[in-house]
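Shown here: coords-v4.txt, compact mmCIF, C-alpha atoms.
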```txt
# COMPACT_ATOMS: atom_id res chain seq x y z
CA MET A 1 28.31 1.88 -3.81
CA THR A 2 25.98 -0.08 -1.49
CA ASN A 3 23.86 -2.77 -3.05
CA LEU A 4 20.40 -1.54 -2.08
CA PRO A 5 18.32 -4.52 -3.34
CA ARG A 6 20.58 -6.96 -1.51
CA ASN A 7 20.49 -4.99 1.75
CA LEU A 8 16.72 -4.58 1.56
CA ARG A 9 16.35 -8.29 0.79
CA LYS A 10 18.26 -9.12 3.95
CA LEU A 11 16.22 -6.64 5.99
CA PHE A 12 12.90 -8.02 4.73
CA GLY A 13 14.13 -11.55 5.33
CA PHE A 14 14.93 -10.64 8.94
CA LEU A 15 11.56 -8.92 9.47
CA ARG A 16 9.79 -11.91 7.96
CA ALA A 17 11.56 -14.23 10.39
CA ILE A 18 10.54 -12.00 13.33
CA SER A 19 6.91 -11.95 12.14
CA LEU A 20 6.91 -15.73 11.78
CA LEU A 21 8.21 -16.05 15.31
CA ALA A 22 5.53 -13.68 16.59
CA LEU A 23 2.82 -15.60 14.75
CA PHE A 24 3.55 -18.76 16.71
CA ALA A 25 5.11 -17.47 19.90
CA TRP A 26 2.65 -14.77 20.92
CA PRO A 27 -0.53 -16.90 20.95
CA LEU A 28 1.33 -19.58 22.91
CA VAL A 29 2.68 -17.13 25.45
CA LEU A 30 -0.64 -15.34 25.75
CA LEU A 31 -2.56 -18.52 26.43
CA VAL A 32 -0.02 -20.22 28.64
CA ASN A 33 1.73 -17.53 30.64
CA PRO A 34 -0.43 -16.22 33.47
CA TRP A 35 1.76 -13.16 34.02
CA ILE A 36 1.32 -12.03 30.41
CA GLN A 37 -2.40 -12.74 30.63
CA LYS A 38 -2.70 -10.71 33.77
CA HIS A 39 -0.94 -7.69 32.34
CA PHE A 40 -2.22 -7.92 28.79
CA VAL A 41 -5.79 -8.98 29.24
CA ASP A 42 -6.62 -7.83 32.74
CA ALA A 43 -5.02 -4.43 32.53
CA PRO A 44 -7.36 -1.47 32.08
CA LYS A 45 -8.11 -0.84 28.42
CA SER A 46 -8.47 2.50 26.73
CA MET A 47 -10.99 2.50 23.91
CA HIS A 48 -11.71 5.17 21.38
CA SER A 49 -15.30 6.09 20.79
CA ILE A 50 -16.82 4.54 17.71
CA GLY A 51 -20.46 5.38 17.38
CA GLU A 52 -22.69 7.38 19.61
CA PHE A 53 -22.47 7.20 23.37
CA ALA A 54 -24.94 8.97 25.55
CA PHE A 55 -25.42 9.44 29.26
CA ILE A 56 -28.80 9.79 30.90
CA ALA A 57 -29.37 10.56 34.53
CA ARG A 58 -32.93 10.22 35.80
CA ASP A 59 -33.85 11.16 39.32
CA ALA A 60 -30.23 11.16 40.40
CA PRO A 61 -30.11 12.47 43.98
CA LEU A 62 -28.37 15.82 44.09
CA ILE A 63 -26.48 16.92 47.18
CA LEU A 64 -25.47 20.57 47.54
CA ALA A 65 -23.46 21.79 50.53
CA GLY A 66 -24.23 18.54 52.31
CA LYS A 67 -27.98 18.91 51.96
CA PRO A 68 -30.39 17.09 49.63
CA ALA A 69 -31.32 19.42 46.82
CA GLY A 70 -33.78 17.51 44.70
CA SER A 71 -32.85 15.31 41.82
CA LEU A 72 -30.93 15.68 38.59
CA GLN A 73 -32.39 14.99 35.19
CA MET A 74 -29.80 15.04 32.45
CA GLU A 75 -29.29 13.66 29.00
CA VAL A 76 -25.98 14.07 27.22
CA SER A 77 -25.49 12.54 23.79
CA MET A 78 -22.95 12.42 20.98
CA LEU A 79 -20.16 11.98 23.46
CA ARG A 80 -16.62 11.77 22.06
CA GLY A 81 -13.37 10.80 23.71
CA ASN A 82 -11.67 7.91 25.44
CA GLY A 83 -12.85 5.66 28.20
CA SER A 84 -10.80 3.52 30.51
CA ILE A 85 -12.50 0.50 32.01
CA ASN A 86 -11.11 -2.59 33.64
CA LEU A 87 -13.37 -5.17 32.08
CA ALA A 88 -11.62 -8.46 32.64
CA ALA A 89 -12.24 -8.50 36.37
CA VAL A 90 -16.00 -8.66 35.76
CA ASP A 91 -16.69 -12.03 34.21
CA ASP A 92 -14.90 -14.86 32.43
CA ARG A 93 -16.90 -14.68 29.23
CA LEU A 94 -15.88 -11.09 28.64
CA ARG A 95 -12.34 -11.87 29.61
CA TRP A 96 -12.11 -14.66 27.05
CA THR A 97 -13.71 -12.51 24.38
CA ILE A 98 -10.98 -9.90 24.89
CA THR A 99 -8.29 -12.61 24.88
CA LEU A 100 -9.61 -14.18 21.69
CA TYR A 101 -9.92 -10.80 20.00
CA GLY A 102 -6.33 -10.00 20.98
CA LEU A 103 -5.21 -13.37 19.64
CA GLY A 104 -7.11 -12.69 16.43
CA ILE A 105 -5.29 -9.38 15.99
CA ILE A 106 -1.92 -11.04 16.59
CA VAL A 107 -2.54 -13.92 14.19
CA VAL A 108 -3.97 -11.75 11.39
CA THR A 109 -1.34 -9.03 11.77
CA SER A 110 1.64 -11.39 12.12
CA GLY A 111 0.39 -13.60 9.28
CA TRP A 112 -0.02 -10.57 7.02
CA TYR A 113 3.47 -9.29 7.82
CA VAL A 114 4.98 -12.73 7.10
CA LEU A 115 3.37 -12.60 3.64
CA LEU A 116 4.21 -8.93 3.04
CA PHE A 117 7.90 -9.21 3.94
CA GLY A 118 8.10 -12.46 1.97
CA PHE A 119 6.75 -10.71 -1.14
CA LEU A 120 9.07 -7.72 -0.68
CA ARG A 121 12.07 -9.99 -0.16
CA ARG A 122 11.25 -11.88 -3.36
CA ILE A 123 10.97 -8.63 -5.35
CA CYS A 124 14.37 -7.49 -4.02
CA LEU A 125 15.92 -10.84 -5.01
CA ASN A 126 14.59 -10.50 -8.56
CA VAL A 127 15.82 -6.92 -8.88
CA GLU A 128 19.19 -8.00 -7.52
CA HIS A 129 19.45 -10.49 -10.42
CA GLY A 130 18.49 -7.80 -12.93
CA ASP A 131 14.96 -9.10 -13.44
CA VAL A 132 12.88 -5.98 -12.89
CA PHE A 133 10.03 -6.18 -15.39
CA THR A 134 8.96 -9.77 -14.99
CA ARG A 135 5.62 -11.52 -14.65
CA GLU A 136 6.56 -12.66 -11.17
CA ASN A 137 7.25 -9.10 -9.96
CA VAL A 138 3.95 -7.89 -11.41
CA LYS A 139 2.09 -10.65 -9.54
CA LEU A 140 3.97 -9.95 -6.30
CA MET A 141 3.13 -6.24 -6.43
CA ALA A 142 -0.52 -6.96 -7.16
CA SER A 143 -0.56 -9.36 -4.19
CA ILE A 144 0.90 -6.65 -1.94
CA GLY A 145 -1.71 -4.14 -3.14
CA TRP A 146 -4.68 -6.45 -2.64
CA GLY A 147 -3.24 -7.67 0.64
CA LEU A 148 -3.02 -4.12 2.03
CA ILE A 149 -6.62 -3.44 1.07
CA GLY A 150 -7.84 -6.79 2.45
CA TYR A 151 -5.93 -6.40 5.72
CA SER A 152 -7.36 -2.90 6.20
CA LEU A 153 -10.93 -4.10 5.64
CA ILE A 154 -10.44 -6.98 8.09
CA SER A 155 -9.09 -4.49 10.63
CA ILE A 156 -12.14 -2.25 10.26
CA LEU A 157 -14.59 -5.16 10.58
CA GLY A 158 -12.69 -6.53 13.56
CA ALA A 159 -12.72 -3.17 15.29
CA ILE A 160 -16.45 -2.69 14.69
CA TYR A 161 -17.19 -6.16 16.02
CA PHE A 162 -14.94 -5.72 19.01
CA GLN A 163 -16.34 -2.42 20.07
CA GLY A 164 -19.88 -3.49 19.29
CA ALA A 165 -19.61 -6.74 21.19
CA ILE A 166 -17.41 -5.71 24.09
CA VAL A 167 -18.60 -2.21 24.71
CA THR A 168 -22.31 -2.88 24.25
CA TYR A 169 -22.19 -5.92 26.46
CA SER A 170 -20.12 -4.21 29.10
CA LEU A 171 -21.98 -0.97 29.19
CA HIS A 172 -25.42 -2.51 29.11
CA GLU A 173 -24.79 -5.36 31.48
CA GLN A 174 -21.92 -4.51 33.73
CA VAL A 175 -21.18 -0.84 34.18
CA GLN A 176 -22.70 1.11 37.01
CA LEU A 177 -21.82 4.60 38.03
CA GLN A 178 -21.80 5.21 41.71
CA GLY A 179 -23.88 7.99 43.00
CA ALA A 180 -26.29 8.27 40.08
CA ALA A 181 -28.90 6.27 38.31
CA SER A 182 -27.71 6.09 34.74
CA GLU A 183 -28.55 4.51 31.47
CA TRP A 184 -26.56 3.98 28.34
CA LEU A 185 -28.33 4.34 25.05
CA THR A 186 -28.13 1.64 22.45
CA PHE A 187 -24.71 1.49 20.96
CA ASP A 188 -24.80 2.21 17.26
CA PRO A 189 -21.46 1.46 15.61
CA LEU A 190 -22.33 3.27 12.41
CA ALA A 191 -23.63 6.51 13.87
CA GLY A 192 -20.33 8.10 14.71
CA GLU A 193 -17.02 8.79 13.12
CA LEU A 194 -14.90 5.78 12.35
CA SER A 195 -11.58 6.45 13.98
CA PHE A 196 -10.37 3.06 15.11
CA GLY A 197 -7.34 1.38 13.59
CA PHE A 198 -4.41 -0.83 14.44
CA GLY A 199 -2.01 2.03 13.85
CA GLU A 200 -2.10 5.65 14.93
CA ASN A 201 -2.95 6.79 11.40
CA GLY A 202 -6.00 4.59 11.06
CA VAL A 203 -6.76 2.04 8.38
CA PHE A 204 -7.83 4.29 5.51
CA SER A 205 -4.26 5.28 4.71
CA ASP A 206 -3.47 1.58 4.19
CA ILE A 207 -6.35 1.26 1.72
CA LEU A 208 -4.96 4.21 -0.24
CA LEU A 209 -1.46 2.71 -0.12
CA GLY A 210 -2.85 -0.61 -1.38
CA ALA A 211 -4.55 1.17 -4.28
CA LEU A 212 -1.29 2.96 -5.17
CA VAL A 213 0.67 -0.31 -5.13
CA LEU A 214 -1.96 -1.88 -7.41
CA LEU A 215 -1.57 1.03 -9.80
CA LEU A 216 2.20 0.53 -9.71
CA SER A 217 1.77 -3.16 -10.56
CA ARG A 218 -0.22 -2.12 -13.66
CA ALA A 219 2.62 0.23 -14.63
CA PHE A 220 5.08 -2.65 -14.24
CA GLN A 221 2.81 -4.76 -16.46
CA GLN A 222 3.14 -2.08 -19.17
CA GLY A 223 6.89 -2.13 -18.64
CA LEU A 224 6.88 -5.90 -19.07
CA ASN A 225 5.00 -5.58 -22.37
CA LEU A 226 7.47 -2.96 -23.63
CA LYS A 227 10.43 -5.10 -22.58
CA ALA A 228 9.01 -8.15 -24.36
CA GLU A 229 8.64 -6.13 -27.55
CA ASN A 230 12.11 -4.64 -27.18
CA ASP A 231 13.68 -8.05 -26.58
CA LEU A 232 12.33 -9.18 -29.95
CA THR A 233 13.52 -6.07 -31.81
CA VAL A 234 16.75 -6.80 -33.69
CA MET B 1 3.24 -12.40 -38.52
CA PRO B 2 2.29 -11.28 -42.09
CA ILE B 3 5.72 -9.68 -42.71
CA ARG B 4 8.37 -12.33 -43.38
CA LEU B 5 12.14 -11.98 -43.65
CA ASN B 6 13.50 -14.33 -46.30
CA LEU B 7 16.97 -14.49 -44.87
CA ASP B 8 17.72 -18.16 -45.45
CA ARG B 9 17.07 -17.83 -49.23
CA MET B 10 19.46 -14.88 -49.58
CA MET B 11 22.07 -16.53 -47.36
CA GLU B 12 22.01 -19.65 -49.55
CA GLN B 13 22.36 -17.53 -52.71
CA ARG B 14 25.34 -15.63 -51.33
CA GLY B 15 26.89 -18.65 -49.60
CA PHE B 16 26.83 -17.30 -46.04
CA THR B 17 26.57 -19.29 -42.84
CA LEU B 18 24.72 -17.88 -39.83
CA THR B 19 27.92 -17.36 -37.90
CA GLU B 20 29.65 -15.50 -40.76
CA LEU B 21 26.70 -13.24 -41.43
CA ALA B 22 26.21 -12.45 -37.72
CA LYS B 23 29.85 -11.38 -37.52
CA ARG B 24 29.66 -9.21 -40.64
CA VAL B 25 26.38 -7.55 -39.64
CA ASP B 26 27.59 -7.14 -36.04
CA ILE B 27 24.63 -8.72 -34.24
CA THR B 28 24.61 -11.78 -31.99
CA LEU B 29 23.98 -15.25 -33.35
CA ALA B 30 20.89 -15.48 -31.13
CA ASN B 31 19.41 -12.31 -32.65
CA LEU B 32 20.19 -13.43 -36.20
CA SER B 33 18.49 -16.72 -35.43
CA ILE B 34 15.42 -14.78 -34.20
CA LEU B 35 15.37 -12.96 -37.56
CA LYS B 36 15.84 -16.12 -39.58
CA THR B 37 13.03 -17.98 -37.80
CA ASN B 38 10.69 -14.97 -38.12
CA LYS B 39 10.22 -14.59 -34.37
CA ALA B 40 11.24 -10.93 -34.37
CA LYS B 41 8.57 -8.29 -33.65
CA ALA B 42 10.55 -5.43 -35.22
CA VAL B 43 13.74 -4.75 -37.20
CA ARG B 44 15.85 -1.62 -36.86
CA PHE B 45 16.75 0.26 -40.04
CA SER B 46 20.43 -0.03 -39.07
CA THR B 47 20.13 -3.83 -38.98
CA LEU B 48 18.24 -3.91 -42.30
CA GLU B 49 20.90 -1.64 -43.85
CA ALA B 50 23.72 -3.95 -42.66
CA LEU B 51 21.92 -7.05 -44.00
CA CYS B 52 21.35 -5.46 -47.43
CA ARG B 53 24.98 -4.34 -47.55
CA GLU B 54 26.41 -7.79 -46.77
CA LEU B 55 23.93 -9.78 -48.83
CA ARG B 56 24.14 -7.28 -51.73
CA CYS B 57 20.41 -6.96 -52.13
CA GLN B 58 17.46 -4.58 -51.73
CA PRO B 59 15.12 -4.50 -48.71
CA GLY B 60 12.34 -5.78 -50.97
CA ASP B 61 14.42 -8.91 -51.67
CA LEU B 62 14.44 -9.68 -47.97
CA LEU B 63 10.99 -8.55 -46.85
CA GLU B 64 7.78 -10.20 -47.99
CA TYR B 65 4.18 -9.52 -47.04
CA GLU B 66 2.04 -12.62 -46.70
CA LYS B 67 -1.60 -12.12 -45.75
CA ASP B 68 -2.75 -14.57 -43.02
```

So that I can check it, write out the structure of this file as structure tokens.
Amino acid sequence: MTNLPRNLRKLFGFLRAISLLALFAWPLVLLVNPWIQKHFVDAPKSMHSIGEFAFIARDAPLILAGKPAGSLQMEVSMLRGNGSINLAAVDDRLRWTITLYGLGIIVVTSGWYVLLFGFLRRICLNVEHGDVFTRENVKLMASIGWGLIGYSLISILGAIYFQGAIVTYSLHEQVQLQGAASEWLTFDPLAGELSFGFGENGVFSDILLGALVLLLSRAFQQGLNLKAENDLTV
Amino acid sequence: MPIRLNLDRMMEQRGFTLTELAKRVDITLANLSILKTNKAKAVRFSTLEALCRELRCQPGDLLEYEKD
């Protein structure tokens, strides 16, 4: 029969090593290697809408069948969808903001995964030795639960900042649409649906997972109490 | 713990050592030591029965309630 705790311990140990490597290697490569910078930072970015975008056209010249046909007045709000803009070519300040935000994501994410896989590896080691209901395992599970919740909240705040800073700056200062006079309304990060996350499923599922793991750690605490009583029953 | 197990008194009266009694009652020396030093949180009826049988006494001779 396969030894599941041992195999999982080895897997988590491997993943932890990879995360540790990413934590140090990626920032170095990103800052030093111009090819990576060019393709990572300068490449067009797709951004999901967070908040309310609107488009206003005032006195936009309208051409029909090659002839001037007056002007267009239009206001469209509550836009949803994806936009693709190449921002880095515009100015250095924006470019560095994107780079630093990307670095921030890498450091926070890699650092979290180093901790997470380290905790999981330690739990597997304890279970492998037959120590299931121990104080150490309870603490490790609680750390995983709180860590998941904390990481999710940091992701949300980071995403709000990023879209608020980058998009507002870009759209107000830099973007022009050819062929029409246009304005972008003030970007309000709280007005729309929050749909941004590091993963495809969004960050709220991680908060729920963190809460479940915390609940599990409380159950293990109960198990520890029962074991302590049983150990002293002769 | 208000409930005390007066094992050492009965063992002295019957002339048992810890090792002998542990063997007769069929529990480990470590567990018997836990009983003797009153560190136990609970005692099974089967253990109490075996102790009374080997020490030729009643449960009341072994157990004592001492208010804190």

Q: Restrict the distance test to only C-alpha atoms, flag each residue of chain A within 10 Å of chain B, and return the flagged residues as an MDAnalysis selection string.
A: chainID A and resid 228:234

Q.
Give me the residues near B:Arg4 as a list in words, where near means some atom within 7 Å (using all atoms listed in the file) and where sequence neighbours in that chain fewer than 2 positions away do not count.
A. Pro2, Asn6, Asn38, Leu63, Glu64 and Tyr65 of chain B

As JSON: centre and edge lengths in Å, one decimal, of the axis-aligned box holding stretch 18-34 of chain B with 4 Å per side:
```
{"center_x": 22.6, "center_y": -12.5, "center_z": -36.3, "size_x": 22.4, "size_y": 18.7, "size_z": 18.3}
```

**Q.** Surrounding residues of B:Glu54 excluding itself and chain neighbours under 2 positions, 8 Å, all atoms listed in the file, as a PyMOL selection string
**A.** chain B and resi 21+24-25+50-52+56

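Taking atom CA of A:Phe24 and atom CA of A:Gly118 as the two end points, the separation is 16.7 Å.
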
Q | Selection: 6 Å around stretch 209-213 of chain A, only C-alpha atoms, excl. self and same-chain fewer than 4 positions, as an MDAnalysis selection string | A | chainID A and resid 145 148:149

Q. What separation in Å, quoted to one decimal, exists between atom CA of B:Arg14 and atom CA of B:Lys67?
A. 27.7 Å

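Across the model, the gap from atom CA of A:Tyr113 to atom CA of A:Tyr151 is 10.1 Å.
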
Q) Which neighbours of B:Thr37 fall inside 9 Å, counting only C-alpha atoms, when residues of the same chain fewer than 4 positions from it are skipped, and could you give them as an MDAnalysis selection string? A) chainID B and resid 5 7:8 32:33

Export, as an mmCIF file, keeping the file's coordinate frame, the selected residues with C-alpha atoms.
```cif
data_model
loop_
_atom_site.group_PDB
_atom_site.id
_atom_site.type_symbol
_atom_site.label_atom_id
_atom_site.label_comp_id
_atom_site.auth_asym_id
_atom_site.auth_seq_id
_atom_site.Cartn_x
_atom_site.Cartn_y
_atom_site.Cartn_z
ATOM 1 C CA LEU B 5 12.140 -11.980 -43.650
ATOM 2 C CA LEU B 7 16.970 -14.490 -44.870
ATOM 3 C CA ASP B 8 17.720 -18.160 -45.450
ATOM 4 C CA LEU B 32 20.190 -13.430 -36.200
ATOM 5 C CA SER B 33 18.490 -16.720 -35.430
#
```

**Q.** Protein, DNA and RNA residues within 12 Å of (-3.6, -6.5, 10.7), all atoms listed in the file, as JSON, numbers by chain
**A.** {"A": [19, 23, 102, 103, 104, 105, 106, 107, 108, 109, 110, 111, 112, 113, 114, 115, 116, 147, 148, 149, 150, 151, 152, 153, 154, 155, 156, 157, 158, 159, 197, 198, 199, 202, 203, 206]}

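Comparing B:Met1, B:Lys36, B:Leu29, B:Cys57 by their smallest distance to B:Gln13, the closest is B:Cys57 (using all atoms listed in the file).
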
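Compared by their closest atoms to A:Leu226, and using all atoms listed in the file, the residues A:Asn7, A:Ser143, A:Ser205, A:Thr134 rank with A:Thr134 nearest.
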